[in-house]
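What follows is the content of run-v1.txt (compact mmCIF, C-alpha atoms and all ligand atoms).
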```
# COMPACT_ATOMS: atom_id res chain seq x y z
CA MET A 1 0.00 0.00 0.00
CA LYS A 2 1.48 3.33 -1.09
CA LEU A 3 0.52 5.34 1.99
CA MET A 4 2.24 2.77 4.21
CA LEU A 5 5.15 2.26 1.79
CA GLN A 6 5.09 -1.39 2.74
CA LYS A 7 3.29 -4.56 1.85
CA GLY A 8 1.02 -6.23 4.38
CA THR A 9 1.52 -9.81 5.42
CA VAL A 10 0.66 -12.09 8.33
CA ILE A 11 3.35 -13.99 10.20
CA TRP A 12 1.46 -16.65 12.13
CA MET A 13 3.48 -18.03 15.06
CA LEU A 14 2.10 -21.19 16.62
CA GLY A 15 3.27 -23.59 19.29
CA LEU A 16 2.86 -24.64 22.90
CA SER A 17 2.55 -22.17 25.74
CA GLY A 18 6.08 -21.17 26.71
CA ALA A 19 7.58 -22.27 23.38
CA GLY A 20 8.72 -18.71 22.65
CA LYS A 21 6.09 -17.14 20.39
CA SER A 22 5.83 -13.81 22.24
CA THR A 23 9.56 -13.52 22.87
CA ILE A 24 10.42 -13.98 19.20
CA SER A 25 7.52 -11.76 18.09
CA ASN A 26 8.83 -8.93 20.28
CA LEU A 27 12.30 -9.29 18.77
CA LEU A 28 10.92 -9.39 15.24
CA GLU A 29 8.85 -6.27 15.89
CA ALA A 30 11.97 -4.46 17.15
CA GLN A 31 13.91 -5.60 14.07
CA LEU A 32 11.15 -4.40 11.75
CA GLN A 33 11.13 -1.03 13.49
CA THR A 34 14.80 -0.55 12.69
CA GLU A 35 13.86 -1.11 9.03
CA ASN A 36 11.00 1.43 9.31
CA ILE A 37 8.42 -1.30 8.82
CA PHE A 38 5.25 -0.94 10.85
CA SER A 39 3.91 -4.08 12.50
CA ILE A 40 1.20 -4.97 14.96
CA GLN A 41 1.21 -7.96 17.28
CA LEU A 42 -1.92 -9.95 17.97
CA ASP A 43 -1.87 -12.63 20.60
CA GLY A 44 -4.22 -14.98 22.34
CA ASP A 45 -3.93 -13.43 25.79
CA GLU A 46 -4.68 -9.96 24.43
CA LEU A 47 -7.64 -11.00 22.28
CA ARG A 48 -9.11 -13.10 25.05
CA LYS A 49 -9.21 -10.00 27.30
CA GLY A 50 -11.63 -8.26 24.98
CA LEU A 51 -12.72 -9.28 21.49
CA ASN A 52 -12.75 -12.98 22.41
CA LYS A 53 -13.66 -12.77 26.09
CA ASN A 54 -16.80 -14.83 25.57
CA LEU A 55 -14.69 -17.79 24.39
CA GLY A 56 -13.29 -20.64 26.46
CA PHE A 57 -10.90 -23.45 25.63
CA SER A 58 -13.12 -26.11 24.06
CA MET A 59 -11.96 -27.04 20.56
CA GLU A 60 -14.95 -25.16 19.11
CA ASP A 61 -14.07 -22.01 21.03
CA ARG A 62 -10.42 -22.34 20.09
CA ALA A 63 -11.45 -22.56 16.43
CA GLU A 64 -13.58 -19.43 16.80
CA ASN A 65 -10.69 -17.68 18.59
CA ILE A 66 -8.50 -18.40 15.57
CA ARG A 67 -11.17 -17.38 13.06
CA ARG A 68 -11.64 -13.99 14.69
CA ALA A 69 -7.90 -13.48 15.02
CA ALA A 70 -7.33 -14.33 11.35
CA GLU A 71 -10.17 -12.04 10.21
CA THR A 72 -8.72 -9.20 12.29
CA ALA A 73 -5.26 -9.85 10.88
CA ARG A 74 -6.68 -9.92 7.33
CA ILE A 75 -8.23 -6.46 7.66
CA MET A 76 -4.96 -4.98 8.89
CA ALA A 77 -2.69 -6.81 6.43
CA GLU A 78 -4.89 -5.74 3.50
CA LYS A 79 -4.14 -2.15 4.53
CA GLY A 80 -0.39 -2.76 4.37
CA ILE A 81 0.42 -3.71 7.95
CA VAL A 82 2.75 -6.55 8.90
CA VAL A 83 0.72 -8.50 11.44
CA ILE A 84 2.59 -10.83 13.80
CA CYS A 85 0.16 -13.31 15.32
CA SER A 86 1.02 -15.49 18.33
CA PHE A 87 -1.59 -18.15 18.93
CA ILE A 88 -1.15 -21.74 20.12
CA THR A 89 -3.36 -22.81 17.17
CA PRO A 90 -3.37 -26.40 18.43
CA LEU A 91 -5.03 -28.38 15.63
CA ASN A 92 -4.38 -28.71 11.91
CA ALA A 93 -8.03 -27.73 11.42
CA HIS A 94 -7.35 -24.41 13.18
CA ARG A 95 -4.36 -23.73 10.92
CA THR A 96 -6.55 -24.45 7.91
CA ILE A 97 -9.05 -21.83 9.12
CA ALA A 98 -6.31 -19.19 9.30
CA ARG A 99 -4.77 -20.23 5.98
CA GLU A 100 -8.15 -20.10 4.20
CA ILE A 101 -8.94 -16.64 5.54
CA LEU A 102 -5.50 -15.18 4.83
CA GLY A 103 -4.54 -16.93 1.58
CA GLU A 104 -1.19 -15.81 0.24
CA MET A 105 -0.70 -13.39 3.11
CA TYR A 106 -0.35 -16.33 5.53
CA PHE A 107 3.16 -17.37 6.58
CA GLU A 108 3.12 -20.13 9.17
CA VAL A 109 5.94 -20.41 11.71
CA PHE A 110 6.05 -23.38 14.07
CA ILE A 111 7.78 -22.35 17.31
CA ASP A 112 8.95 -25.82 18.16
CA CYS A 113 9.98 -26.67 21.71
CA PRO A 114 9.59 -29.97 23.60
CA LEU A 115 6.77 -30.02 26.11
CA SER A 116 9.24 -30.92 28.89
CA VAL A 117 11.22 -27.73 28.22
CA CYS A 118 8.07 -25.59 28.13
CA GLN A 119 7.12 -27.15 31.47
CA GLN A 120 10.52 -26.33 32.94
CA ARG A 121 10.30 -22.74 31.70
CA ASP A 122 6.72 -22.45 32.95
CA VAL A 123 6.81 -18.72 32.20
CA LYS A 124 3.30 -18.03 33.52
CA GLY A 125 3.02 -20.83 36.09
CA LEU A 126 0.28 -22.42 34.00
CA TYR A 127 1.90 -25.86 33.62
CA LYS A 128 2.03 -26.13 37.40
CA MET A 129 -1.66 -25.30 37.60
CA ALA A 130 -2.49 -27.74 34.78
CA GLY A 131 -0.42 -30.44 36.51
CA ASN A 132 -2.36 -30.19 39.75
CA ASN A 133 -5.63 -29.92 37.82
CA THR A 134 -6.51 -26.39 38.87
CA LEU A 135 -6.43 -25.43 35.18
CA LYS A 136 -8.47 -27.52 32.77
CA ASN A 137 -8.13 -27.95 28.98
CA PHE A 138 -4.49 -26.89 28.98
CA THR A 139 -2.67 -27.50 25.68
CA GLY A 140 -0.12 -30.31 25.84
CA ILE A 141 -1.43 -31.55 29.19
CA SER A 142 -5.18 -31.98 29.03
CA SER A 143 -5.91 -30.63 25.55
CA ALA A 144 -4.46 -31.76 22.22
CA PHE A 145 -1.64 -30.20 20.24
CA GLU A 146 -0.98 -31.60 16.77
CA LYS A 147 2.49 -31.09 15.35
CA PRO A 148 2.12 -28.94 12.25
CA GLU A 149 2.98 -30.59 8.95
CA ASN A 150 2.87 -27.66 6.55
CA ALA A 151 4.68 -24.88 8.39
CA ASP A 152 6.56 -22.46 6.15
CA LEU A 153 9.28 -22.26 8.80
CA VAL A 154 10.18 -24.22 11.94
CA LEU A 155 12.17 -22.54 14.72
CA LEU A 156 13.66 -24.81 17.37
CA THR A 157 13.83 -22.76 20.54
CA GLU A 158 15.36 -25.37 22.85
CA ASP A 159 18.95 -25.03 21.64
CA GLN A 160 19.02 -21.54 20.16
CA THR A 161 18.82 -18.11 21.66
CA PRO A 162 15.75 -15.97 21.00
CA GLN A 163 17.90 -13.66 18.87
CA GLN A 164 19.15 -16.54 16.71
CA CYS A 165 15.54 -17.60 16.14
CA CYS A 166 14.57 -14.05 15.27
CA ASP A 167 17.45 -13.82 12.79
CA HIS A 168 16.26 -17.00 11.02
CA LEU A 169 12.73 -15.67 10.99
CA TYR A 170 13.71 -12.28 9.63
CA ALA A 171 15.75 -13.91 6.87
CA ALA A 172 12.75 -16.04 5.92
CA VAL A 173 10.21 -13.20 5.85
CA SER A 174 12.35 -10.27 4.68
CA SER A 175 11.25 -10.55 1.06
CA ARG A 176 7.60 -10.39 2.18
CA VAL A 177 8.04 -7.34 4.37
CA THR A 178 10.49 -5.15 2.47
CA SER A 179 9.52 -1.48 2.27
CA LEU A 180 8.12 -0.32 -1.06
CA GLN A 181 10.04 2.41 -2.89
CA LEU A 182 8.41 5.75 -3.72
CA THR A 183 8.21 6.14 -7.49
P1 LIG B 1 4.82 -18.21 24.39
O1 LIG B 1 4.54 -16.83 23.86
O2 LIG B 1 5.05 -19.22 23.27
O3 LIG B 1 3.85 -18.70 25.41
P2 LIG B 1 7.00 -16.91 25.76
O4 LIG B 1 7.69 -16.16 24.66
O5 LIG B 1 6.05 -16.15 26.64
O6 LIG B 1 6.24 -18.17 25.13
O7 LIG B 1 8.08 -17.60 26.70
C1 LIG B 1 9.19 -18.28 26.19
C2 LIG B 1 10.29 -18.35 27.26
O8 LIG B 1 11.37 -19.15 26.78
C3 LIG B 1 10.86 -17.00 27.61
O9 LIG B 1 11.14 -16.97 29.01
C4 LIG B 1 12.17 -16.96 26.80
O10 LIG B 1 13.16 -16.14 27.38
C5 LIG B 1 12.59 -18.43 26.83
N1 LIG B 1 13.40 -18.84 25.69
C6 LIG B 1 14.56 -19.53 25.75
N2 LIG B 1 15.06 -19.76 24.52
C7 LIG B 1 14.21 -19.19 23.63
C8 LIG B 1 14.20 -19.06 22.22
N3 LIG B 1 15.15 -19.58 21.44
N4 LIG B 1 13.17 -18.40 21.65
C9 LIG B 1 12.17 -17.89 22.41
N5 LIG B 1 12.12 -17.96 23.76
C10 LIG B 1 13.13 -18.60 24.38
```
In structure tokens, how does this file's structure come out?
Ligand code: ADP
Amino acid sequence: MKLMLQKGTVIWMLGLSGAGKSTISNLLEAQLQTENIFSIQLDGDELRKGLNKNLGFSMEDRAENIRRAAETARIMAEKGIVVICSFITPLNAHRTIAREILGEMYFEVFIDCPLSVCQQRDVKGLYKMAGNNTLKNFTGISSAFEKPENADLVLLTEDQTPQQCCDHLYAAVSSRVTSLQLT
């Protein structure tokens, strides 16, 4: 889009809680800023505070969570914004929903980290709660997570630093997000 001097796209980060989606998204956003590329982050926690606050964690509600997120991302990306989405997106069916809504704008990134490492990190203390059953329907513990088969990029966060992961990601998406030149 000429006003934005950039092309919109959607970088869809998926993976278990604690895998590193938000950490890498923050780094990517900072990197894009240095290139004068405007991006917006959308994530599950944020959307569930407002737009999606009537949704729970059944598979139907998770699908609806993803549908609304993808529709929101579509509106922004069509206006030239780089949208970085961080959603667990646990089932292949959920990824299909996002891919169908976003078409060619959709770039899927699997933030891959073993469940045991996510549990050790336990950034938000949720694995502990899921383990002692005070939190139900928790992905990886009491709710399914299917390993993605069609991701455009896989980032292994167990043995790399967040910055290394961000560097791989930026290299993979840079052609999609390059600023347009004024003619
Ligand atoms: P998510 O958004 O997927 O729930 P977070 O980004 O909130 O996960 O948490 C990931 C945690 O793992 C952070 O504490 C981060 O510092 C740590 N971490 C260690 N290595 C990596 C890596 N390579 N990429 C991303 N996060 C990492």
Looking at all atoms listed in the file, which of A:Ala30, A:Ala144, A:Ala98, A:Ile75 is the one that sits closest to Ala63 (chain A)?
->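 The shortest atom-to-atom distance to Ala63 (chain A) comes from A:Ala98.
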Point (3.5, -31.2, 14.2), cut-off 10 Å, counting all atoms listed in the file, residues as a PyMOL selection string = chain A and resi 15+90-92+110+112+145-151+154
Given the selection you just returned, output its residues as a file containing C-alpha atoms, formatted as a short mmCIF file (atom, residue, chain, number, x, y, z; two decimals), keeping the file's coordinate frame.
```cif
data_model
loop_
_atom_site.label_atom_id
_atom_site.label_comp_id
_atom_site.auth_asym_id
_atom_site.auth_seq_id
_atom_site.Cartn_x
_atom_site.Cartn_y
_atom_site.Cartn_z
CA GLY A 15 3.27 -23.59 19.29
CA PRO A 90 -3.37 -26.40 18.43
CA LEU A 91 -5.03 -28.38 15.63
CA ASN A 92 -4.38 -28.71 11.91
CA PHE A 110 6.05 -23.38 14.07
CA ASP A 112 8.95 -25.82 18.16
CA PHE A 145 -1.64 -30.20 20.24
CA GLU A 146 -0.98 -31.60 16.77
CA LYS A 147 2.49 -31.09 15.35
CA PRO A 148 2.12 -28.94 12.25
CA GLU A 149 2.98 -30.59 8.95
CA ASN A 150 2.87 -27.66 6.55
CA ALA A 151 4.68 -24.88 8.39
CA VAL A 154 10.18 -24.22 11.94
#
```
Test item: residues no farther than 9 Å from ligand LIG 1 (chain B), counting only C-alpha atoms and all ligand atoms, as a PyMOL selection string = chain A and resi 13-26+43+86-88+111+113+117-118+121-124+155-166
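One distance worth recording is that between CA of Ala77 (chain A) and CA of Val10 (chain A), which is 6.5 Å.
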Quote the spacing between CA of Asn36 (chain A) and CA of Leu102 (chain A) in Å to one decimal place.
->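 CA of Leu102 (chain A) lies at a distance of 23.8 Å from CA of Asn36 (chain A).
Straight-line separation from CA of Trp12 (chain A) to CA of Leu135 (chain A): 25.9 Å.
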Find the residues around Ile101 (chain A) up to 7 Å (all atoms listed in the file counted), leave out those fewer than 4 positions away in its own chain, and share them as a PyMOL selection string.
-> chain A and resi 70-71+97
Exercise: Asn132 (chain A) partners within 12 Å, all atoms listed in the file, chain neighbours under 5 positions left out, as a CSV table (one decimal) with C-alpha atoms, keeping the file's coordinate frame:
```csv
chain,number,residue,atom,x,y,z
A,125,GLY,CA,3.0,-20.8,36.1
A,126,LEU,CA,0.3,-22.4,34.0
A,127,TYR,CA,1.9,-25.9,33.6
A,138,PHE,CA,-4.5,-26.9,29.0
A,141,ILE,CA,-1.4,-31.6,29.2
A,142,SER,CA,-5.2,-32.0,29.0
```
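Residue nearest Asp45 (chain A) within the list A:Leu153, A:Ala73, A:Met59, A:Cys85: A:Cys85 [criterion: smallest interatomic distance, only C-alpha atoms].
The shortest atom-to-atom distance to Glu35 (chain A), with all atoms listed in the file taken into account, belongs to A:Leu5 out of A:Ile11, A:Leu115, A:Met129, A:Leu5.
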Around (-2.1, -2.3, -1.2) in the file's frame, which residues reach within 10 Å when counting all atoms listed in the file? Return as a ChimeraX atom specification?
-> /A:1-8,77-81
Please supply region 126-151 of chain A, rebuilt with N, CA, C and O atoms, as a CSV table (one decimal), in the coordinates of the input.
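Output file out-v9.csv follows:
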```csv
chain,number,residue,atom,x,y,z
A,126,LEU,N,1.5,-21.7,34.4
A,126,LEU,CA,0.3,-22.4,34.0
A,126,LEU,C,0.5,-23.9,34.0
A,126,LEU,O,-0.5,-24.7,34.2
A,127,TYR,N,1.7,-24.4,33.6
A,127,TYR,CA,1.9,-25.9,33.6
A,127,TYR,C,1.7,-26.4,35.0
A,127,TYR,O,1.2,-27.5,35.2
A,128,LYS,N,2.2,-25.7,36.0
A,128,LYS,CA,2.0,-26.1,37.4
A,128,LYS,C,0.5,-26.3,37.7
A,128,LYS,O,0.1,-27.3,38.3
A,129,MET,N,-0.2,-25.3,37.3
A,129,MET,CA,-1.7,-25.3,37.6
A,129,MET,C,-2.3,-26.4,36.8
A,129,MET,O,-3.2,-27.1,37.3
A,130,ALA,N,-1.9,-26.7,35.6
A,130,ALA,CA,-2.5,-27.7,34.8
A,130,ALA,C,-2.1,-29.1,35.4
A,130,ALA,O,-3.0,-30.0,35.4
A,131,GLY,N,-0.9,-29.2,35.9
A,131,GLY,CA,-0.4,-30.4,36.5
A,131,GLY,C,-1.2,-30.8,37.8
A,131,GLY,O,-1.5,-32.0,38.0
A,132,ASN,N,-1.6,-29.8,38.5
A,132,ASN,CA,-2.4,-30.2,39.8
A,132,ASN,C,-3.9,-30.0,39.5
A,132,ASN,O,-4.6,-29.9,40.5
A,133,ASN,N,-4.2,-29.9,38.2
A,133,ASN,CA,-5.6,-29.9,37.8
A,133,ASN,C,-6.4,-28.7,38.2
A,133,ASN,O,-7.7,-28.7,38.3
A,134,THR,N,-5.8,-27.6,38.6
A,134,THR,CA,-6.5,-26.4,38.9
A,134,THR,C,-6.8,-25.6,37.6
A,134,THR,O,-7.5,-24.6,37.6
A,135,LEU,N,-6.2,-26.1,36.5
A,135,LEU,CA,-6.4,-25.4,35.2
A,135,LEU,C,-6.8,-26.5,34.2
A,135,LEU,O,-6.0,-27.5,34.0
A,136,LYS,N,-8.0,-26.4,33.7
A,136,LYS,CA,-8.5,-27.5,32.8
A,136,LYS,C,-8.2,-27.2,31.3
A,136,LYS,O,-7.9,-26.0,31.0
A,137,ASN,N,-8.3,-28.2,30.4
A,137,ASN,CA,-8.1,-28.0,29.0
A,137,ASN,C,-6.8,-27.2,28.6
A,137,ASN,O,-6.8,-26.3,27.8
A,138,PHE,N,-5.7,-27.6,29.3
A,138,PHE,CA,-4.5,-26.9,29.0
A,138,PHE,C,-3.7,-27.6,27.9
A,138,PHE,O,-3.4,-28.8,28.0
A,139,THR,N,-3.3,-26.9,26.9
A,139,THR,CA,-2.7,-27.5,25.7
A,139,THR,C,-1.4,-28.2,26.1
A,139,THR,O,-0.5,-27.7,26.7
A,140,GLY,N,-1.3,-29.5,25.6
A,140,GLY,CA,-0.1,-30.3,25.8
A,140,GLY,C,-0.3,-31.2,27.1
A,140,GLY,O,0.4,-32.2,27.2
A,141,ILE,N,-1.2,-30.8,28.0
A,141,ILE,CA,-1.4,-31.6,29.2
A,141,ILE,C,-2.8,-32.2,29.1
A,141,ILE,O,-2.9,-33.4,29.2
A,142,SER,N,-3.8,-31.4,29.0
A,142,SER,CA,-5.2,-32.0,29.0
A,142,SER,C,-6.0,-31.5,27.8
A,142,SER,O,-7.2,-31.6,27.8
A,143,SER,N,-5.3,-31.1,26.8
A,143,SER,CA,-5.9,-30.6,25.6
A,143,SER,C,-4.9,-30.8,24.4
A,143,SER,O,-3.7,-30.6,24.6
A,144,ALA,N,-5.4,-31.3,23.3
A,144,ALA,CA,-4.5,-31.8,22.2
A,144,ALA,C,-3.6,-30.7,21.6
A,144,ALA,O,-4.1,-29.5,21.5
A,145,PHE,N,-2.4,-31.1,21.1
A,145,PHE,CA,-1.6,-30.2,20.2
A,145,PHE,C,-1.1,-31.1,19.1
A,145,PHE,O,-0.4,-32.1,19.4
A,146,GLU,N,-1.5,-30.8,17.9
A,146,GLU,CA,-1.0,-31.6,16.8
A,146,GLU,C,0.3,-30.9,16.2
A,146,GLU,O,0.2,-29.7,16.0
A,147,LYS,N,1.3,-31.7,16.0
A,147,LYS,CA,2.5,-31.1,15.4
A,147,LYS,C,2.2,-30.6,13.9
A,147,LYS,O,1.6,-31.4,13.2
A,148,PRO,N,2.5,-29.4,13.6
A,148,PRO,CA,2.1,-28.9,12.2
A,148,PRO,C,2.9,-29.6,11.2
A,148,PRO,O,4.1,-30.0,11.4
A,149,GLU,N,2.3,-29.9,10.0
A,149,GLU,CA,3.0,-30.6,9.0
A,149,GLU,C,3.3,-29.7,7.8
A,149,GLU,O,4.1,-30.0,6.9
A,150,ASN,N,2.7,-28.5,7.7
A,150,ASN,CA,2.9,-27.7,6.6
A,150,ASN,C,3.4,-26.3,6.9
A,150,ASN,O,3.2,-25.3,6.2
A,151,ALA,N,4.2,-26.2,8.0
A,151,ALA,CA,4.7,-24.9,8.4
A,151,ALA,C,5.7,-24.4,7.3
A,151,ALA,O,6.4,-25.1,6.7
```
